[in-house]
$ cat query_19.cif   # mmCIF, C-alpha atoms and all ligand atoms
data_target
loop_
_atom_site.label_atom_id
_atom_site.label_comp_id
_atom_site.auth_asym_id
_atom_site.auth_seq_id
_atom_site.Cartn_x
_atom_site.Cartn_y
_atom_site.Cartn_z
CA MET A 30 0.00 0.00 0.00
CA HIS A 31 1.48 3.35 -1.03
CA ALA A 32 0.90 6.50 0.99
CA PRO A 33 -1.09 9.01 -1.10
CA ARG A 34 0.97 11.95 -2.33
CA ALA A 35 0.19 15.41 -1.02
CA MET A 36 -2.91 16.78 -2.75
CA PHE A 37 -2.02 19.38 -5.34
CA SER A 38 -3.98 20.48 -8.38
CA ALA A 39 -3.09 22.78 -11.25
CA VAL A 40 -6.84 23.32 -11.78
CA HIS A 41 -8.81 25.16 -9.10
CA TRP A 42 -12.57 25.72 -9.22
CA SER A 43 -13.97 28.29 -6.83
CA GLY A 44 -17.65 27.87 -7.61
CA ASP A 45 -17.88 30.55 -10.27
CA ARG A 46 -14.32 31.01 -11.59
CA LEU A 47 -11.66 28.64 -12.83
CA GLY A 48 -8.06 29.17 -11.74
CA LEU A 49 -5.31 27.52 -13.76
CA LEU A 50 -1.63 27.37 -12.85
CA ASP A 51 -0.12 28.86 -16.02
CA GLN A 52 2.26 26.09 -17.07
CA THR A 53 3.87 28.18 -19.79
CA LEU A 54 5.64 30.15 -17.03
CA LEU A 55 7.03 27.18 -15.07
CA PRO A 56 9.53 26.43 -13.66
CA HIS A 57 10.55 30.03 -13.05
CA ARG A 58 7.20 31.58 -12.12
CA GLU A 59 4.20 30.08 -10.37
CA ALA A 60 1.34 32.29 -11.52
CA TRP A 61 -2.36 31.50 -11.60
CA MET A 62 -4.64 32.71 -14.34
CA ASP A 63 -8.34 33.32 -14.07
CA CYS A 64 -10.83 31.94 -16.62
CA ALA A 65 -14.36 33.36 -16.75
CA SER A 66 -15.66 31.77 -19.96
CA ALA A 67 -15.40 28.72 -22.20
CA GLN A 68 -13.43 30.92 -24.58
CA ASP A 69 -10.85 31.66 -21.86
CA VAL A 70 -10.55 27.95 -21.09
CA GLY A 71 -10.24 27.03 -24.78
CA ALA A 72 -7.50 29.64 -25.23
CA ALA A 73 -5.64 28.32 -22.17
CA ILE A 74 -5.85 24.78 -23.56
CA GLY A 75 -4.67 25.93 -26.99
CA ARG A 76 -1.55 27.65 -25.69
CA LEU A 77 -0.83 24.84 -23.19
CA ALA A 78 -1.32 26.97 -20.07
CA VAL A 79 -3.28 23.90 -18.95
CA ARG A 80 -2.18 20.67 -20.56
CA GLY A 81 -1.89 16.91 -20.22
CA ALA A 82 -4.86 14.83 -21.34
CA PRO A 83 -6.71 14.43 -18.00
CA ASN A 84 -6.25 18.05 -16.90
CA ILE A 85 -7.39 19.30 -20.30
CA GLY A 86 -10.60 17.33 -19.74
CA ILE A 87 -11.05 18.57 -16.16
CA ALA A 88 -10.54 22.21 -17.17
CA ALA A 89 -12.90 21.80 -20.14
CA GLY A 90 -15.62 20.42 -17.85
CA TYR A 91 -15.49 23.66 -15.87
CA GLY A 92 -15.34 25.59 -19.15
CA VAL A 93 -18.74 24.13 -20.07
CA ALA A 94 -20.09 25.18 -16.66
CA LEU A 95 -18.89 28.76 -17.22
CA GLU A 96 -20.52 28.91 -20.65
CA VAL A 97 -23.84 27.47 -19.46
CA ARG A 98 -23.96 30.05 -16.67
CA THR A 99 -23.29 32.92 -19.11
CA ALA A 100 -25.75 31.75 -21.78
CA PRO A 101 -28.26 29.24 -20.33
CA SER A 102 -30.22 29.16 -23.60
CA GLY A 103 -27.37 29.47 -26.09
CA TRP A 104 -24.25 27.79 -24.76
CA GLU A 105 -23.81 25.28 -27.61
CA PRO A 106 -21.56 27.35 -29.98
CA GLY A 107 -19.11 28.31 -27.21
CA VAL A 108 -18.99 24.74 -25.98
CA ALA A 109 -18.43 23.39 -29.51
CA ALA A 110 -15.43 25.73 -29.91
CA LEU A 111 -14.03 24.59 -26.54
CA ARG A 112 -14.42 20.92 -27.54
CA ALA A 113 -12.30 21.62 -30.65
CA ALA A 114 -9.48 23.44 -28.80
CA ARG A 115 -7.06 20.53 -29.28
CA PRO A 116 -7.73 17.36 -31.29
CA THR A 117 -5.57 14.51 -29.99
CA ALA A 118 -6.35 13.96 -26.29
CA VAL A 119 -9.74 12.25 -26.19
CA ASN A 120 -10.27 13.46 -22.61
CA LEU A 121 -11.28 16.88 -23.93
CA ALA A 122 -14.27 15.67 -25.96
CA TRP A 123 -15.06 13.03 -23.32
CA ALA A 124 -15.29 15.59 -20.52
CA VAL A 125 -17.22 18.15 -22.54
CA ASP A 126 -19.72 15.48 -23.62
CA ARG A 127 -20.30 14.34 -20.04
CA VAL A 128 -20.97 17.80 -18.69
CA VAL A 129 -23.11 18.63 -21.72
CA ALA A 130 -25.18 15.45 -21.18
CA ALA A 131 -25.84 16.40 -17.53
CA THR A 132 -26.77 19.95 -18.57
CA ARG A 133 -29.11 18.78 -21.32
CA ALA A 134 -30.80 16.29 -19.02
CA ALA A 135 -31.43 18.99 -16.40
CA GLN A 136 -32.68 21.48 -18.99
CA ALA A 137 -34.94 18.90 -20.65
CA ALA A 138 -36.53 18.12 -17.30
CA HIS A 139 -36.74 21.61 -15.79
CA GLY A 140 -36.06 24.22 -18.51
CA PRO A 141 -33.06 26.44 -19.37
CA ALA A 142 -32.66 27.81 -15.82
CA ALA A 143 -31.76 24.30 -14.60
CA GLY A 144 -28.56 24.29 -16.69
CA PRO A 145 -26.40 26.68 -14.60
CA PRO A 146 -26.77 24.70 -11.34
CA ALA A 147 -26.40 21.29 -13.06
CA ALA A 148 -23.26 21.88 -15.13
CA PRO A 149 -20.80 22.77 -12.31
CA GLY A 150 -21.97 19.77 -10.31
CA ALA A 151 -21.19 17.48 -13.23
CA ALA A 152 -17.78 19.13 -13.75
CA GLU A 153 -16.94 18.75 -10.05
CA ALA A 154 -17.99 15.09 -10.07
CA LEU A 155 -15.80 14.46 -13.10
CA HIS A 156 -12.86 16.20 -11.40
CA ALA A 157 -13.29 14.12 -8.24
CA ALA A 158 -13.48 10.90 -10.25
CA GLU A 159 -10.33 11.79 -12.20
CA ASN A 160 -8.52 12.58 -8.91
CA ALA A 161 -9.43 9.15 -7.56
CA ALA A 162 -8.49 7.47 -10.84
CA SER A 163 -5.07 9.10 -11.04
CA GLU A 164 -4.25 8.13 -7.46
CA ARG A 165 -5.09 4.50 -8.27
CA VAL A 166 -3.03 4.66 -11.49
CA ALA A 167 0.00 6.01 -9.58
CA ALA A 168 -0.21 3.21 -7.00
CA ALA A 169 -0.78 0.44 -9.57
CA GLY A 170 2.05 1.67 -11.80
CA ALA A 171 4.42 1.87 -8.82
CA ASP A 172 3.61 -1.76 -8.01
CA LEU A 173 4.31 -2.72 -11.63
CA LEU A 174 7.67 -0.91 -11.69
CA ALA A 175 8.57 -2.76 -8.48
CA GLU A 176 7.52 -6.05 -10.05
CA TYR A 177 9.89 -5.37 -12.97
CA GLY A 178 12.64 -4.54 -10.48
CA ALA A 179 13.12 -1.13 -12.10
CA ARG A 180 15.54 1.23 -10.37
CA ARG A 181 16.27 3.68 -13.18
CA VAL A 182 13.01 4.75 -14.82
CA LEU A 183 12.86 6.89 -17.95
CA THR A 184 9.88 9.09 -18.73
CA HIS A 185 8.87 11.55 -21.44
CA CYS A 186 6.90 14.79 -21.43
CA ASN A 187 5.07 15.67 -18.19
CA THR A 188 2.54 13.28 -16.76
CA GLY A 189 2.44 14.26 -13.10
CA VAL A 190 -0.01 16.38 -11.15
CA LEU A 191 0.46 19.23 -13.62
CA ALA A 192 -1.03 17.03 -16.34
CA CYS A 193 -3.25 14.66 -14.56
CA ALA A 194 -5.46 15.39 -11.56
CA SER A 195 -4.03 14.78 -8.10
CA GLY A 196 -1.97 11.60 -8.48
CA GLY A 197 -0.41 11.96 -11.91
CA SER A 198 -0.16 9.12 -14.38
CA ALA A 199 3.25 7.88 -15.59
CA LEU A 200 5.19 10.39 -13.51
CA GLY A 201 2.91 9.67 -10.55
CA CYS A 202 3.84 5.97 -10.90
CA ALA A 203 7.56 6.77 -11.16
CA ILE A 204 7.54 9.15 -8.17
CA THR A 205 5.50 6.79 -5.99
CA HIS A 206 7.84 3.94 -6.91
CA ALA A 207 11.01 5.99 -6.36
CA ARG A 208 9.86 7.09 -2.90
CA ALA A 209 9.38 3.47 -1.88
CA THR A 210 12.56 2.13 -3.48
CA PRO A 211 16.02 2.93 -2.10
CA GLY A 212 18.41 3.93 -4.86
CA ALA A 213 15.66 4.55 -7.42
CA SER A 214 15.83 7.50 -9.79
CA VAL A 215 13.82 9.07 -12.61
CA LEU A 216 15.35 10.11 -15.92
CA ALA A 217 13.33 12.88 -17.56
CA CYS A 218 13.56 13.58 -21.28
CA GLU A 219 13.51 17.28 -22.17
CA THR A 220 10.63 16.82 -24.65
CA ARG A 221 11.35 19.17 -27.51
CA PRO A 222 9.96 21.48 -28.68
CA LEU A 223 7.97 22.81 -25.68
CA LEU A 224 10.18 21.20 -23.04
CA GLN A 225 7.50 19.79 -20.77
CA GLY A 226 10.14 17.44 -19.34
CA ALA A 227 12.76 20.11 -18.69
CA ARG A 228 10.33 22.72 -17.38
CA LEU A 229 7.56 20.72 -15.70
CA THR A 230 8.66 17.17 -14.89
CA VAL A 231 11.84 18.41 -13.26
CA TRP A 232 9.79 20.96 -11.27
CA GLU A 233 7.63 18.12 -9.96
CA LEU A 234 10.61 15.84 -9.22
CA GLU A 235 12.29 18.62 -7.25
CA ARG A 236 9.14 19.20 -5.21
CA ALA A 237 8.79 15.46 -4.60
CA ARG A 238 12.47 15.22 -3.56
CA VAL A 239 13.05 12.28 -5.88
CA ASP A 240 16.52 11.60 -7.27
CA HIS A 241 16.47 12.54 -10.95
CA ALA A 242 18.39 13.68 -14.01
CA LEU A 243 17.37 15.53 -17.16
CA LEU A 244 18.50 14.34 -20.58
CA ALA A 245 18.20 15.46 -24.17
CA ASP A 246 15.57 13.41 -26.00
CA GLY A 247 18.20 12.09 -28.40
CA ALA A 248 20.24 10.68 -25.51
CA ALA A 249 17.55 8.23 -24.39
CA ALA A 250 18.11 5.44 -26.93
CA GLY A 251 21.84 5.32 -26.25
CA LEU A 252 21.35 5.12 -22.47
CA ILE A 253 18.75 2.40 -22.93
CA ALA A 254 21.09 0.43 -25.23
CA ARG A 255 23.94 0.76 -22.71
CA GLY A 256 21.81 -0.82 -19.98
CA GLU A 257 21.44 2.40 -17.98
CA ILE A 258 17.61 2.35 -17.94
CA ASP A 259 15.49 -0.43 -16.42
CA ALA A 260 12.04 0.61 -17.65
CA VAL A 261 10.30 3.35 -19.61
CA ILE A 262 6.92 4.69 -18.49
CA VAL A 263 4.87 7.31 -20.34
CA GLY A 264 1.33 8.69 -20.34
CA CYS A 265 -1.26 8.63 -23.08
CA ASP A 266 -3.44 11.13 -24.89
CA ARG A 267 -5.62 8.61 -26.68
CA VAL A 268 -5.64 4.83 -26.64
CA ALA A 269 -7.33 3.21 -29.64
CA ALA A 270 -9.49 0.10 -29.23
CA ASN A 271 -6.60 -2.15 -30.29
CA GLY A 272 -4.25 -0.62 -27.67
CA ASP A 273 -2.22 1.66 -29.97
CA VAL A 274 -1.29 4.78 -27.99
CA ALA A 275 -0.97 8.40 -29.06
CA ASN A 276 1.33 10.34 -26.75
CA LYS A 277 3.80 13.22 -26.86
CA VAL A 278 6.01 13.21 -29.96
CA GLY A 279 9.17 11.23 -29.25
CA THR A 280 7.36 8.47 -27.35
CA TYR A 281 7.49 6.01 -30.26
CA ALA A 282 11.28 6.32 -30.49
CA HIS A 283 11.60 5.40 -26.79
CA ALA A 284 9.33 2.38 -27.36
CA LEU A 285 11.51 1.16 -30.24
CA ALA A 286 14.66 1.60 -28.16
CA ALA A 287 13.08 -0.24 -25.22
CA ARG A 288 12.05 -3.15 -27.46
CA ALA A 289 15.56 -3.36 -28.97
CA ALA A 290 17.07 -3.52 -25.48
CA ASN A 291 14.36 -5.85 -24.14
CA ILE A 292 13.29 -3.58 -21.26
CA PRO A 293 9.61 -2.93 -20.39
CA PHE A 294 7.87 -0.02 -22.08
CA LEU A 295 4.82 0.88 -19.97
CA VAL A 296 1.91 3.27 -20.52
CA ALA A 297 -0.16 4.71 -17.68
CA GLY A 298 -3.37 6.72 -17.75
CA PRO A 299 -7.01 6.81 -16.71
CA VAL A 300 -9.63 4.96 -18.78
CA SER A 301 -10.93 8.39 -19.84
CA SER A 302 -7.98 8.35 -22.27
CA ILE A 303 -9.28 5.22 -24.02
CA ASP A 304 -11.28 5.85 -27.17
CA PRO A 305 -13.15 2.66 -28.09
CA ALA A 306 -14.61 4.39 -31.15
CA LEU A 307 -11.24 4.35 -32.93
CA ALA A 308 -10.23 0.90 -34.15
CA ARG A 309 -6.51 1.61 -34.37
CA GLY A 310 -3.91 4.27 -33.77
CA ALA A 311 -3.63 5.28 -37.41
CA ALA A 312 -7.10 6.84 -37.09
CA ILE A 313 -6.05 9.19 -34.27
CA GLU A 314 -5.85 12.83 -35.35
CA ILE A 315 -2.37 14.16 -34.61
CA GLU A 316 -2.23 17.85 -33.75
CA GLU A 317 0.20 19.83 -35.90
CA ARG A 318 1.30 22.95 -34.03
CA ASP A 319 2.84 26.28 -34.95
CA ALA A 320 6.21 26.25 -36.73
CA ASP A 321 7.67 28.83 -34.36
CA GLU A 322 7.50 26.32 -31.49
CA VAL A 323 10.31 24.48 -33.30
CA ARG A 324 12.09 27.50 -34.75
CA ARG A 325 12.33 29.41 -31.49
CA ALA A 326 13.37 28.79 -27.89
CA PRO A 327 10.62 29.36 -25.29
CA GLY A 328 11.87 32.92 -24.77
CA GLY A 329 11.41 33.67 -28.47
CA GLU A 330 15.06 33.48 -29.51
CA LEU A 331 15.47 32.09 -33.05
CA LEU A 332 17.20 28.69 -33.14
CA THR A 333 17.26 28.49 -36.94
CA LEU A 334 16.40 30.74 -39.85
CA ALA A 335 13.15 32.66 -39.39
CA THR A 336 11.78 31.15 -42.59
CA THR A 337 12.95 27.53 -42.20
CA PRO A 338 10.12 25.15 -43.16
CA VAL A 339 9.05 23.06 -40.17
CA ARG A 340 7.05 19.95 -39.30
CA ASN A 341 5.65 20.10 -35.79
CA PRO A 342 3.44 17.09 -34.97
CA ALA A 343 2.75 17.31 -31.24
CA PHE A 344 2.15 13.56 -30.82
CA ASP A 345 3.06 10.19 -32.30
CA VAL A 346 1.51 6.75 -32.14
CA THR A 347 3.14 3.72 -30.52
CA PRO A 348 1.75 0.37 -31.68
CA ALA A 349 0.25 -1.85 -28.97
CA GLY A 350 2.77 -4.58 -29.77
CA LEU A 351 5.59 -2.45 -28.33
CA ILE A 352 3.76 -1.80 -25.04
CA ALA A 353 4.39 -4.30 -22.24
CA ALA A 354 1.46 -3.09 -20.12
CA LEU A 355 -1.21 -0.39 -19.95
CA VAL A 356 -1.85 0.72 -16.35
CA THR A 357 -5.26 2.20 -15.52
CA GLU A 358 -7.38 2.75 -12.43
CA ARG A 359 -9.36 -0.34 -13.41
CA GLY A 360 -6.38 -2.63 -13.65
CA VAL A 361 -3.47 -3.49 -15.91
CA ALA A 362 -3.85 -4.66 -19.52
CA ARG A 363 -1.00 -7.07 -20.23
CA PRO A 364 -0.51 -7.88 -23.06
CA VAL A 365 -2.04 -4.79 -24.60
CA ASP A 366 -4.50 -5.80 -27.29
CA ARG A 367 -8.12 -5.39 -28.34
CA ALA A 368 -9.41 -7.91 -25.77
CA SER A 369 -7.47 -6.56 -22.78
CA VAL A 370 -8.41 -2.94 -23.62
CA ALA A 371 -12.08 -3.92 -23.98
CA ALA A 372 -11.89 -5.69 -20.60
CA LEU A 373 -10.78 -2.42 -18.96
CA LEU A 374 -13.85 -0.66 -20.29
CA GLY A 375 -16.23 -3.37 -19.15
CA PRO A 376 -19.47 -4.49 -20.81
O1 LIG B 401 1.01 18.66 -25.37
P1 LIG B 401 0.83 18.21 -23.96
O2 LIG B 401 1.84 18.76 -23.02
O3 LIG B 401 -0.59 18.38 -23.48
O4 LIG B 401 1.09 16.63 -24.04
C1 LIG B 401 0.95 15.86 -22.88
C2 LIG B 401 1.28 14.44 -23.10
O5 LIG B 401 1.58 14.00 -24.17
C3 LIG B 401 1.12 13.54 -21.92
O6 LIG B 401 2.04 12.49 -21.99
C4 LIG B 401 -0.30 12.96 -21.92
O7 LIG B 401 -1.24 13.99 -22.02
C5 LIG B 401 -0.57 12.15 -20.74
S1 LIG B 401 -0.74 13.13 -19.26
C6 LIG B 401 -1.22 12.04 -18.11
#
$ encode --input "query_19.cif" --output "structure tokens" --more "lines below"
Ligand code: MRU
Amino acid sequence: MHAPRAMFSAVHWSGDRLGLLDQTLLPHREAWMDCASAQDVGAAIGRLAVRGAPNIGIAAGYGVALEVRTAPSGWEPGVAALRAARPTAVNLAWAVDRVVAATRAAQAAHGPAAGPPAAPGAAEALHAAENAASERVAAAGADLLAEYGARRVLTHCNTGVLACASGGSALGCAITHARATPGASVLACETRPLLQGARLTVWELERARVDHALLADGAAAGLIARGEIDAVIVGCDRVAANGDVANKVGTYAHALAARAANIPFLVAGPVSSIDPALARGAAIEIEERDADEVRRAPGGELLTLATTPVRNPAFDVTPAGLIAALVTERGVARPVDRASVAALLGP
């Protein structure tokens, strides 16, 4: 049994406003921003002030509540725009649809005025459920890392409490495991181009007082091949019905390196990241982001020519066959395939 980690959330609902820890400013500034409308929440999601699949969903749930309060009889267009703020993490559409369903049910039964009280309740319930799910994921993933005898755990992007309710997903597993395992450490990949690993994962590891080191993304395969990593664990933005996983760009390369070195490649996330409607990973829409994210450093400094053509896919897809296990709050799928993913979702 693992002790729960101290409760922290990057998403704070005060009953009529949504506060978000602006992750674009970390690790140097901890500043909260205030959202008063679905448009504010959609903009925050688009510029990654709030990010990580589960937290995008949680914030969007509150975004629906804000919109329904502002326009009880005409909230649909604002909510549709919020739902489209980013395409890859299924949690966004999943959360919006849940809060919308609760709002519609209340309005159908009692008229438009019933929407404003119903929507925040649904968003809060979703947030509480995601908190509980992420705490179970962190504990189950820690147990799995212990079972594999992993001491040196590599992770990519940021999948802790900044991304994922109160327990985190992959980083939550790695931190929980490291705290219970003498000599354990976490290796964090920088995660070009937006440096979620360098800026956010390291911030969380420092706060958790877990032994860690930062590495350039391109260094991971060599360290894995040299036997300096025992396991890789990452999060997920969308899991297709066959177990293929979309996650932060660079994930697939780590999975290939892990397979070549015969070490476990693990994925952790809540079942809200599973999309049973998509048969396989090739059908997942991959967000292509602005070229300047690649051309420029976070401070704006040009790293290349101002006009250099760029490709900037924010995610890639790792085939289920490369994934040793998928850890969720409802259990572990191992091997990862259509049947084990369906079993997680239940009848
Ligand atoms: O673009 P981001 O920072 O939102 O991407 C986040 C990731 O890819 C995470 O690995 C994923 O959302 C899982 S978070 C539990």
$ residues_near_ligand --input "query_19.cif" --ligand "ligand LIG 401 (chain B)" --cutoff "7 Å" --atoms "only C-alpha atoms and all ligand atoms" --output "ChimeraX atom specification"
/A:77,80-83,118,185-189,192-193,197-199,225,263-266,276-277,298,343-344
$ atom_distance --input "query_19.cif" --atom1 "CA of Gly92 in chain A" --atom2 "CA of Leu111 in chain A"
7.6 Å
$ closest_residue --input "query_19.cif" --among "A:Ala142, A:Ala88, A:Val239, A:Ala124" --to "Ser102 in chain A" --atoms "all atoms listed in the file"
A:Ala142
$ residues_around --input "query_19.cif" --residues "Thr347 in chain A" --least-positions-apart "4" --cutoff "6 Å" --atoms "all atoms listed in the file" --output "VMD selection string"
chain A and resid 273 to 274 281
$ closest_residue --input "query_19.cif" --among "A:Leu373, A:Ala227, A:Leu95, A:Met62" --to "Val356 in chain A" --atoms "all atoms listed in the file"
A:Leu373
$ residues_around --input "query_19.cif" --residues "range 166-182 of chain A" --least-positions-apart "4" --cutoff "6 Å" --atoms "all atoms listed in the file" --output "list in words"
Ser198, Gly201, Cys202, Thr205, His206, Ala213, Ser214, Val215, Leu216, Ile258, Asp259, Ala260, Val261, Thr357 and Glu358 of chain A
